[in-house]
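Here is structure_36.cif, consisting of mmCIF, C-alpha atoms and all ligand atoms:
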data_input
#
loop_
_atom_site.label_atom_id
_atom_site.label_comp_id
_atom_site.auth_asym_id
_atom_site.auth_seq_id
_atom_site.Cartn_x
_atom_site.Cartn_y
_atom_site.Cartn_z
CA ASP O 1 -17.07 -20.40 25.52
CA SER O 2 -18.66 -17.32 23.97
CA ILE O 3 -15.38 -16.70 22.15
CA LEU O 4 -15.88 -19.91 20.24
CA SER O 5 -19.50 -19.29 19.36
CA GLY O 6 -18.56 -17.49 16.16
CA LEU O 7 -17.25 -20.71 14.72
CA SER O 8 -19.27 -22.31 12.03
CA TYR O 9 -18.51 -25.96 12.61
CA HIS O 10 -21.75 -27.79 12.29
CA GLY O 11 -23.34 -31.16 11.85
CA GLU O 12 -21.20 -33.61 9.97
CA GLU O 13 -18.16 -31.37 9.89
CA GLN O 14 -17.15 -31.17 13.52
CA ALA O 15 -13.76 -30.02 14.73
CA GLU O 16 -13.09 -33.60 15.85
CA ASN O 17 -14.16 -34.93 12.48
CA PRO O 18 -12.28 -38.22 11.87
CA ILE O 19 -11.52 -37.34 8.27
CA ARG O 20 -9.91 -34.00 9.07
CA PRO O 21 -6.16 -34.48 8.46
CA ARG O 22 -4.02 -34.03 11.59
CA LEU O 23 -0.54 -34.16 10.11
CA LEU O 24 1.06 -32.76 6.98
CA ASN O 25 1.36 -36.13 5.28
CA GLU O 26 -2.38 -36.69 5.65
CA PHE O 27 -3.08 -33.34 4.03
CA LEU O 28 -3.33 -34.32 0.38
CA GLY O 29 -2.44 -32.09 -2.55
CA GLN O 30 -1.14 -28.49 -2.40
CA GLU O 31 2.39 -29.90 -2.68
CA ASP O 32 4.21 -26.56 -3.00
CA ILE O 33 2.51 -25.16 0.07
CA LYS O 34 3.27 -28.28 2.08
CA SER O 35 6.93 -28.51 1.15
CA ASN O 36 7.57 -24.91 2.18
CA LEU O 37 5.60 -25.22 5.40
CA ARG O 38 7.46 -28.39 6.31
CA ILE O 39 10.75 -26.48 6.15
CA PHE O 40 9.47 -23.47 8.11
CA ILE O 41 8.07 -25.78 10.80
CA GLU O 42 11.27 -27.81 11.08
CA ALA O 43 13.41 -24.69 11.27
CA ALA O 44 11.24 -23.11 13.99
CA LYS O 45 11.35 -26.35 15.98
CA LYS O 46 15.12 -26.53 15.69
CA ARG O 47 15.50 -22.97 16.94
CA GLU O 48 12.95 -23.64 19.69
CA GLU O 49 11.06 -20.55 18.58
CA PRO O 50 7.44 -20.00 17.62
CA LEU O 51 6.73 -20.35 13.92
CA ASP O 52 6.46 -16.97 12.21
CA HIS O 53 2.90 -15.61 11.81
CA VAL O 54 1.02 -17.25 8.92
CA PHE O 55 -1.49 -15.62 6.58
CA LEU O 56 -3.83 -18.12 4.87
CA SER O 57 -6.11 -17.04 2.05
CA GLY O 58 -8.42 -18.78 -0.39
CA PRO O 59 -12.02 -19.83 -0.97
CA PRO O 60 -13.92 -21.67 1.79
CA GLY O 61 -13.43 -25.40 2.29
CA LEU O 62 -9.90 -25.66 0.91
CA GLY O 63 -8.32 -26.57 4.25
CA LYS O 64 -7.27 -23.34 5.96
CA THR O 65 -8.59 -24.35 9.40
CA THR O 66 -7.24 -27.85 8.89
CA LEU O 67 -3.80 -26.50 8.05
CA ALA O 68 -3.72 -24.36 11.21
CA GLY O 69 -4.44 -27.46 13.31
CA ILE O 70 -1.75 -29.37 11.44
CA MET O 71 0.82 -26.66 12.16
CA ALA O 72 0.10 -26.93 15.88
CA ASN O 73 0.34 -30.73 15.78
CA GLU O 74 3.56 -30.73 13.77
CA LEU O 75 5.09 -28.13 16.07
CA GLY O 76 3.89 -30.04 19.12
CA VAL O 77 2.15 -26.98 20.59
CA ASP O 78 -1.39 -26.03 21.62
CA ALA O 79 -3.91 -24.56 19.22
CA LYS O 80 -6.43 -21.91 20.09
CA VAL O 81 -9.21 -21.23 17.61
CA THR O 82 -11.52 -18.27 17.19
CA SER O 83 -12.95 -16.05 14.49
CA ALA O 84 -12.98 -12.30 14.01
CA PRO O 85 -16.76 -11.88 14.56
CA ALA O 86 -16.38 -13.53 17.98
CA LEU O 87 -13.83 -10.91 19.04
CA ASP O 88 -16.15 -8.09 19.92
CA LYS O 89 -14.32 -6.26 22.69
CA PRO O 90 -10.62 -5.87 23.56
CA LYS O 91 -11.19 -8.07 26.56
CA ASP O 92 -12.23 -10.93 24.28
CA LEU O 93 -8.83 -10.91 22.61
CA ALA O 94 -6.96 -10.21 25.86
CA GLY O 95 -8.80 -13.05 27.58
CA LEU O 96 -7.55 -15.48 24.96
CA LEU O 97 -3.99 -14.21 24.61
CA THR O 98 -3.29 -14.03 28.33
CA THR O 99 -4.20 -17.69 28.77
CA ILE O 100 -2.22 -19.26 25.93
CA THR O 101 0.86 -21.40 26.44
CA GLU O 102 4.24 -20.71 24.86
CA ARG O 103 4.34 -21.01 21.03
CA THR O 104 0.59 -21.65 20.75
CA VAL O 105 -0.88 -21.56 17.27
CA PHE O 106 -3.53 -18.88 17.63
CA PHE O 107 -6.00 -19.16 14.76
CA ILE O 108 -8.37 -16.35 13.80
CA ASP O 109 -10.77 -17.11 10.98
CA GLU O 110 -12.29 -14.37 8.81
CA ILE O 111 -9.45 -12.04 9.71
CA HIS O 112 -10.77 -9.39 7.29
CA ARG O 113 -13.64 -8.80 9.70
CA LEU O 114 -11.62 -7.69 12.74
CA LYS O 115 -12.72 -4.46 14.37
CA PRO O 116 -10.13 -1.65 14.22
CA VAL O 117 -9.70 -1.54 18.01
CA ILE O 118 -9.01 -5.30 18.12
CA GLU O 119 -6.74 -5.05 15.12
CA GLU O 120 -4.58 -2.43 16.79
CA MET O 121 -4.26 -4.55 19.88
CA LEU O 122 -3.28 -7.47 17.71
CA TYR O 123 -0.48 -5.50 15.96
CA ILE O 124 1.33 -5.02 19.25
CA ALA O 125 0.68 -8.56 20.35
CA MET O 126 2.07 -9.96 17.08
CA GLU O 127 5.10 -7.69 17.06
CA ASP O 128 6.13 -7.36 20.68
CA PHE O 129 4.20 -10.17 22.38
CA GLU O 130 2.59 -7.63 24.65
CA LEU O 131 -0.89 -6.26 25.14
CA ASP O 132 -1.74 -2.61 25.67
CA TRP O 133 -4.30 -2.53 28.41
CA ILE O 134 -6.07 0.62 29.59
CA ILE O 135 -7.03 0.77 33.26
CA GLY O 136 -9.16 3.40 34.88
CA GLN O 137 -11.22 6.07 33.16
CA GLY O 138 -11.00 9.73 32.29
CA PRO O 139 -7.92 11.70 33.33
CA SER O 140 -6.65 8.98 35.64
CA ALA O 141 -6.68 6.34 32.91
CA ARG O 142 -3.33 4.81 32.09
CA THR O 143 -1.99 2.12 29.83
CA ILE O 144 -0.11 -0.85 31.08
CA ARG O 145 1.67 -3.41 28.98
CA ILE O 146 0.94 -7.03 29.72
CA PRO O 147 3.36 -9.61 28.34
CA VAL O 148 1.93 -12.58 26.45
CA PRO O 149 3.82 -15.80 25.66
CA PRO O 150 5.46 -15.77 22.22
CA PHE O 151 2.91 -17.31 19.90
CA THR O 152 2.16 -17.95 16.23
CA MET O 153 -0.71 -15.99 14.79
CA VAL O 154 -2.50 -17.80 11.96
CA GLY O 155 -5.01 -15.58 10.20
CA ALA O 156 -7.36 -16.99 7.57
CA THR O 157 -9.51 -15.15 5.07
CA THR O 158 -11.56 -15.67 1.94
CA LYS O 159 -11.06 -11.97 1.12
CA PRO O 160 -7.34 -11.13 1.26
CA GLY O 161 -8.02 -7.83 -0.51
CA ARG O 162 -10.02 -6.60 2.46
CA VAL O 163 -7.24 -7.13 5.01
CA SER O 164 -5.62 -3.83 5.95
CA SER O 165 -1.99 -3.46 4.93
CA PRO O 166 -0.66 -2.82 8.47
CA LEU O 167 -2.16 -6.13 9.55
CA TYR O 168 -1.08 -7.98 6.43
CA SER O 169 2.50 -6.73 6.74
CA ARG O 170 2.87 -8.36 10.16
CA PHE O 171 2.63 -11.88 8.76
CA GLY O 172 5.95 -13.45 7.79
CA ILE O 173 4.53 -16.44 5.93
CA ASN O 174 1.94 -15.97 3.21
CA VAL O 175 0.00 -18.98 1.95
CA ARG O 176 -2.43 -18.55 -0.93
CA MET O 177 -4.55 -21.65 -1.42
CA ASN O 178 -5.96 -22.55 -4.80
CA PHE O 179 -8.56 -25.05 -5.93
CA TYR O 180 -7.43 -28.68 -5.93
CA ASN O 181 -7.03 -30.55 -9.18
CA HIS O 182 -8.96 -33.62 -10.19
CA GLN O 183 -6.29 -36.08 -9.11
CA GLU O 184 -5.87 -34.49 -5.68
CA LEU O 185 -9.62 -34.56 -5.07
CA GLN O 186 -9.79 -38.20 -6.07
CA LYS O 187 -7.08 -38.99 -3.50
CA ILE O 188 -8.96 -37.04 -0.83
CA LEU O 189 -12.19 -38.89 -1.65
CA THR O 190 -10.43 -42.26 -1.50
CA ARG O 191 -8.85 -41.41 1.84
CA SER O 192 -12.13 -40.17 3.34
CA ALA O 193 -13.98 -43.24 2.07
CA SER O 194 -11.51 -45.57 3.71
CA ILE O 195 -11.70 -43.74 7.06
CA LEU O 196 -15.51 -43.73 6.96
CA ASN O 197 -15.65 -47.37 5.79
CA ILE O 198 -17.36 -46.46 2.55
CA THR O 199 -16.77 -48.60 -0.52
CA ILE O 200 -16.39 -46.57 -3.68
CA THR O 201 -15.04 -47.82 -6.99
CA SER O 202 -12.11 -45.91 -8.43
CA ASP O 203 -14.19 -44.94 -11.49
CA ALA O 204 -16.84 -43.54 -9.18
CA ALA O 205 -14.25 -41.62 -7.16
CA HIS O 206 -12.87 -40.21 -10.40
CA LEU O 207 -16.32 -39.09 -11.50
CA LEU O 208 -17.18 -37.57 -8.13
CA ALA O 209 -13.85 -35.70 -8.00
CA GLY O 210 -14.81 -33.91 -11.21
CA SER O 211 -17.99 -32.57 -9.64
CA SER O 212 -16.40 -31.45 -6.37
CA ARG O 213 -15.66 -27.87 -7.52
CA GLY O 214 -11.99 -28.12 -6.59
CA THR O 215 -12.92 -28.16 -2.89
CA PRO O 216 -12.25 -30.92 -0.31
CA ARG O 217 -15.22 -29.87 1.81
CA VAL O 218 -17.54 -30.26 -1.18
CA ALA O 219 -15.94 -33.59 -2.11
CA ASN O 220 -16.47 -34.97 1.39
CA ARG O 221 -20.04 -33.72 1.51
CA LEU O 222 -20.86 -35.32 -1.84
CA LEU O 223 -19.23 -38.56 -0.70
CA ARG O 224 -21.55 -38.73 2.31
CA ARG O 225 -24.60 -38.12 0.14
CA MET O 226 -23.50 -40.79 -2.34
CA ARG O 227 -23.14 -43.17 0.59
CA ASP O 228 -26.78 -42.45 1.50
CA PHE O 229 -27.91 -43.17 -2.05
CA ALA O 230 -25.79 -46.34 -2.20
CA GLN O 231 -27.18 -47.61 1.10
CA ILE O 232 -30.82 -46.97 0.38
CA GLU O 233 -31.05 -47.44 -3.36
CA GLY O 234 -28.04 -49.61 -4.19
CA GLU O 235 -25.95 -52.40 -2.75
CA GLY O 236 -24.03 -50.16 -0.35
CA ILE O 237 -21.22 -49.66 -2.84
CA ILE O 238 -20.75 -46.31 -4.56
CA THR O 239 -20.54 -47.09 -8.27
CA THR O 240 -20.53 -44.78 -11.27
CA ASP O 241 -24.27 -45.45 -11.68
CA ILE O 242 -24.89 -44.29 -8.12
CA VAL O 243 -22.78 -41.17 -8.70
CA HIS O 244 -24.53 -40.35 -11.99
CA SER O 245 -28.00 -40.63 -10.51
CA GLY O 246 -27.00 -39.13 -7.16
CA LEU O 247 -25.50 -36.01 -8.72
CA LYS O 248 -28.58 -35.61 -10.87
CA ARG O 249 -30.79 -35.73 -7.80
CA LEU O 250 -28.61 -33.18 -6.03
CA GLN O 251 -28.73 -31.05 -9.21
CA VAL O 252 -24.95 -30.96 -9.47
CA ASP O 253 -23.83 -31.06 -13.09
CA GLU O 254 -20.77 -32.62 -14.72
CA LYS O 255 -18.82 -29.36 -14.33
CA GLY O 256 -19.54 -29.30 -10.61
CA LEU O 257 -22.02 -26.43 -10.89
CA GLU O 258 -24.92 -26.47 -8.45
CA LYS O 259 -28.43 -25.25 -9.05
CA LEU O 260 -27.62 -21.82 -7.70
CA ASP O 261 -24.51 -21.47 -9.86
CA ARG O 262 -26.67 -22.03 -12.92
CA GLU O 263 -29.29 -19.66 -11.60
CA ILE O 264 -26.66 -16.95 -11.19
CA LEU O 265 -25.52 -17.42 -14.78
CA ARG O 266 -29.06 -17.62 -16.12
CA THR O 267 -30.08 -14.44 -14.26
CA LEU O 268 -27.00 -12.65 -15.53
CA ILE O 269 -27.78 -13.66 -19.10
CA THR O 270 -31.55 -13.34 -19.26
CA LYS O 271 -32.12 -10.37 -16.96
CA TYR O 272 -28.98 -8.35 -17.56
CA GLN O 273 -28.05 -9.32 -21.14
CA GLY O 274 -24.95 -11.13 -19.89
CA GLY O 275 -23.71 -8.18 -17.85
CA PRO O 276 -21.82 -6.27 -16.71
CA VAL O 277 -23.90 -6.07 -13.57
CA GLY O 278 -22.85 -5.20 -10.03
CA ALA O 279 -22.32 -8.03 -7.56
CA GLU O 280 -24.85 -6.61 -5.15
CA THR O 281 -27.61 -6.44 -7.76
CA LEU O 282 -26.79 -9.96 -8.87
CA ALA O 283 -26.84 -11.29 -5.30
CA ILE O 284 -30.22 -9.70 -4.63
CA SER O 285 -31.64 -11.02 -7.91
CA VAL O 286 -30.86 -14.61 -6.96
CA GLY O 287 -31.70 -14.16 -3.28
CA GLU O 288 -28.22 -14.89 -1.96
CA SER O 289 -25.93 -12.94 0.36
CA MET O 290 -23.03 -11.00 -1.16
CA ASP O 291 -20.67 -13.06 0.97
CA SER O 292 -21.72 -16.42 -0.38
CA LEU O 293 -21.86 -15.06 -3.93
CA GLU O 294 -18.33 -13.65 -3.69
CA ASP O 295 -16.72 -16.33 -1.53
CA PHE O 296 -18.35 -19.55 -2.63
CA TYR O 297 -20.15 -19.31 -5.98
CA GLU O 298 -18.05 -16.89 -7.99
CA PRO O 299 -14.47 -18.10 -7.46
CA TYR O 300 -15.15 -21.54 -8.89
CA MET O 301 -17.18 -20.22 -11.84
CA ILE O 302 -14.41 -17.73 -12.60
CA GLN O 303 -11.75 -20.43 -12.40
CA GLN O 304 -13.81 -22.63 -14.73
CA GLY O 305 -14.27 -19.76 -17.19
CA PHE O 306 -18.05 -19.21 -16.87
CA LEU O 307 -17.86 -15.80 -15.30
CA LYS O 308 -15.63 -12.72 -15.30
CA ARG O 309 -15.18 -9.96 -12.79
CA THR O 310 -14.68 -6.65 -14.58
CA PRO O 311 -14.43 -3.12 -13.15
CA ARG O 312 -18.02 -2.52 -14.29
CA GLY O 313 -19.40 -5.72 -12.83
CA ARG O 314 -19.93 -9.40 -13.52
CA VAL O 315 -20.00 -10.70 -17.09
CA ALA O 316 -21.11 -14.10 -18.39
CA THR O 317 -18.67 -15.69 -20.85
CA PRO O 318 -19.68 -17.44 -24.10
CA MET O 319 -18.97 -20.69 -22.25
CA ALA O 320 -21.74 -19.87 -19.78
CA TYR O 321 -24.24 -19.41 -22.63
CA LYS O 322 -23.16 -22.71 -24.12
CA HIS O 323 -23.38 -24.53 -20.80
CA LEU O 324 -26.96 -23.36 -20.29
CA GLY O 325 -27.89 -24.06 -23.92
CA LEU O 326 -28.47 -20.38 -24.66
CA GLU O 327 -27.43 -18.58 -27.79
CA TRP O 328 -24.56 -16.15 -27.56
CA ASN O 329 -24.90 -13.18 -29.86
CA SER O 330 -21.56 -11.43 -30.10
CA ASN O 331 -23.07 -8.13 -31.35
CA GLU O 332 -25.57 -7.95 -28.58
CA ASN O 333 -22.96 -8.87 -26.01
CA GLN O 334 -20.35 -6.24 -26.75
P1 LIG O 401 -11.46 -23.84 5.37
O1 LIG O 401 -10.97 -23.52 6.74
O2 LIG O 401 -10.50 -23.41 4.29
O3 LIG O 401 -12.85 -23.38 5.09
P2 LIG O 401 -11.37 -26.59 6.33
O4 LIG O 401 -9.99 -26.64 6.87
O5 LIG O 401 -12.49 -26.48 7.30
O6 LIG O 401 -11.49 -25.44 5.22
O7 LIG O 401 -11.55 -27.90 5.41
C1 LIG O 401 -12.80 -28.44 5.10
C2 LIG O 401 -12.77 -29.95 5.20
O8 LIG O 401 -12.09 -30.46 4.06
C3 LIG O 401 -12.04 -30.48 6.42
O9 LIG O 401 -12.94 -31.02 7.34
C4 LIG O 401 -11.13 -31.59 5.91
O10 LIG O 401 -11.68 -32.84 6.27
C5 LIG O 401 -11.17 -31.49 4.43
N1 LIG O 401 -9.86 -31.14 3.85
C6 LIG O 401 -9.41 -29.89 3.58
N2 LIG O 401 -8.21 -29.92 3.00
C7 LIG O 401 -7.87 -31.21 2.88
C8 LIG O 401 -6.71 -31.89 2.34
N3 LIG O 401 -5.71 -31.21 1.78
N4 LIG O 401 -6.69 -33.24 2.40
C9 LIG O 401 -7.71 -33.91 2.93
N5 LIG O 401 -8.83 -33.34 3.44
C10 LIG O 401 -8.91 -32.01 3.43
#
Can you dump the structure from the file as structure tokens?
Amino acid sequence: DSILSGLSYHGEEQAENPIRPRLLNEFLGQEDIKSNLRIFIEAAKKREEPLDHVFLSGPPGLGKTTLAGIMANELGVDAKVTSAPALDKPKDLAGLLTTITERTVFFIDEIHRLKPVIEEMLYIAMEDFELDWIIGQGPSARTIRIPVPPFTMVGATTKPGRVSSPLYSRFGINVRMNFYNHQELQKILTRSASILNITITSDAAHLLAGSSRGTPRVANRLLRRMRDFAQIEGEGIITTDIVHSGLKRLQVDEKGLEKLDREILRTLITKYQGGPVGAETLAISVGESMDSLEDFYEPYMIQQGFLKRTPRGRVATPMAYKHLGLEWNSNENQ
């Protein structure tokens, strides 16, 4: 049980969440990724072999965990789920790998945070389906090799650049997930609404999709909040009026920026003349952790063109000034 304690499923988003897609055809959007995966899965099934190891990268909430579960379901095998921070000692990893069934999808979240000793053990497990296990101590210590059933390692990360190259090179399938487009998010919202018995007009779903920062998790969270507003302040139906007033109350703007996104931009502009400023300084100035700044807030603002990462630090773009109603002075900002 302690192995699973590092998982951050909470509240409304449980592992057994009814809106979490279980099969590839329920996983909406990301068409290129799906069509390739479908082939790799079919081929592995035909050969009666485990699927090759899969590396999943991209911002949080895009469906990495969901996709790992789908792979297991489509392959008809077990799934085992953990995260790097929960793997503290070699025995934590060994305990999991020695109890898996053949071809299990073994999912490790936050793979960039593995300890070196665990990582080395994992290399051998991924390559040879064996574990190096040291018994005894001092001069009498010796290493034995314990076989593990052939399995599929699925490693997920929000920071692919921090994964060591020996680990990275052991994955045969590389999946880079990007933000979803407006249309895909609208489909996801419509699907979730129907599963949760929420009535939302298509105009309202369209509007909400535009404020979901390209992220299914955000879309589903906003949908639940809009349902609350519709139930208490409306007729139980999510209309464009409900979405307009609901987003305002949640301080989410029409570009999908949240209060803290705007605060990051405002701090960058007013305190640091638009940058460049180091990520750490910026994180401290707005009272956020580096991780949430780098993983959650920045990627969407960069994709939308509000922010740039340069070698000397973060820089606000003219679009950021405009969005906040601040004047951009090109001389001052060179
Ligand atoms: P990650 O592991 O990348 O942080 P998750 O797999 O936990 O993201 O996905 C977050 C939530 O978003 C899931 O509970 C799921 O309901 C929903 N979701 C993610 N991707 C999709 C998709 N392609 N279609 C429908 N729902 C999705």
Quiz item: Which value, in Å to one decimal, gives the distance between CA of Lys64 in chain O and CA of Gly246 in chain O?
Solution: 28.5 Å
Practice problem: Identify, counting only C-alpha atoms and all ligand atoms, the protein, DNA and RNA residues located within 6 Å of ligand LIG 401 (chain O), and give them as a PyMOL selection string. | Solution: chain O and resi 13+19-21+27-29+60-66+188+216-217
Quiz prompt | Computed interatomic separation between CA of Ile134 in chain O and CA of Glu110 in chain O (Å) | solution =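 Result for CA of Ile134 in chain O versus CA of Glu110 in chain O: 26.4 Å, one decimal.
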Quiz item: Please, what distance in Å, to one decimal, runs between CA of His206 in chain O and CA of His244 in chain O?
Solution: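 Rounded to one decimal, the two atoms are 11.8 Å apart.
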Quiz item: What lies within 12 Å of Leu75 in chain O using only C-alpha atoms, ignoring chain neighbours under 2 positions off, as a ChimeraX atom specification?
Solution: /O:22-24,37-52,68-73,77-79,102-105,151-152
Quiz item: Nearest to Glu184 in chain O: which of O:Leu67, O:Ile238, O:Ile200, O:Ala209 is it, counting all atoms listed in the file?
Solution: O:Ala209
Selection near Gly58 in chain O, 9 Å with only C-alpha atoms, sequence-local residues under 5 positions removed, as a CSV table (one decimal) with C-alpha atoms, in the coordinates of the input:
chain,number,residue,atom,x,y,z
O,64,LYS,CA,-7.3,-23.3,6.0
O,156,ALA,CA,-7.4,-17.0,7.6
O,157,THR,CA,-9.5,-15.2,5.1
O,158,THR,CA,-11.6,-15.7,1.9
O,159,LYS,CA,-11.1,-12.0,1.1
O,160,PRO,CA,-7.3,-11.1,1.3
O,175,VAL,CA,0.0,-19.0,2.0
O,176,ARG,CA,-2.4,-18.6,-0.9
O,177,MET,CA,-4.6,-21.6,-1.4
O,178,ASN,CA,-6.0,-22.6,-4.8
O,179,PHE,CA,-8.6,-25.0,-5.9
O,295,ASP,CA,-16.7,-16.3,-1.5
Expected axis-aligned box over every listed atom of range 238-254 of chain O, 6 Å added per side, centre plus edges in Å to one decimal, as AutoDock Vina command-line options:
--center_x -25.7 --center_y -39.0 --center_z -9.6 --size_x 22.3 --size_y 28.1 --size_z 22.2
Quiz item: Got a sec: who's within 8 Å of range 249-257 of chain O, counting all atoms listed in the file, leaving out chain neighbours fewer than 2 positions off, as a list in words?
Solution: Gly210, Ser211, Ser212, Arg213, Ser245, Gly246, Leu247, Lys259, Leu260, Asp261, Arg262 and Met301 of chain O
Quiz prompt | Top pick for closest residue to Ala205 in chain O, considering O:Arg225, O:Gln273, O:Val243, O:Ala86 and counting only C-alpha atoms | solution = O:Val243
Exercise. Considering all atoms listed in the file, state which residue in the set O:Arg221, O:Ile195, O:Ile146, O:Glu74 is at the smallest distance from Gly95 in chain O.
Key: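 The shortest atom-to-atom distance to Gly95 in chain O comes from O:Ile146.
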Quiz prompt | Using all atoms listed in the file: which of O:Gly234, O:Gly155, O:Gly313, O:Gly214 has the shortest distance to Leu114 in chain O | solution =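 Closest to Leu114 in chain O of all the choices is O:Gly155.
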Practice problem: Extract, using only C-alpha atoms, all DNA, RNA and protein residues at most 10 Å from Glu127 in chain O, discarding same-chain residues fewer than 3 positions from it, and format them as a list in words. | Solution: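 Counting only the stated atoms, we get His53, Leu122, Tyr123, Ile124, Glu130, Pro150, Arg170 and Phe171 of chain O.
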Quiz item: Between O:Phe129, O:Arg312, O:Glu298, O:Met290, which has the minimum distance to Gly278 in chain O (counting all atoms listed in the file)?
Solution: O:Arg312
Self-check item: Nearest-residue call for Leu93 in chain O, choices O:Trp133, O:Ser192, O:Leu167, O:Tyr297, using only C-alpha atoms
Solution: O:Trp133
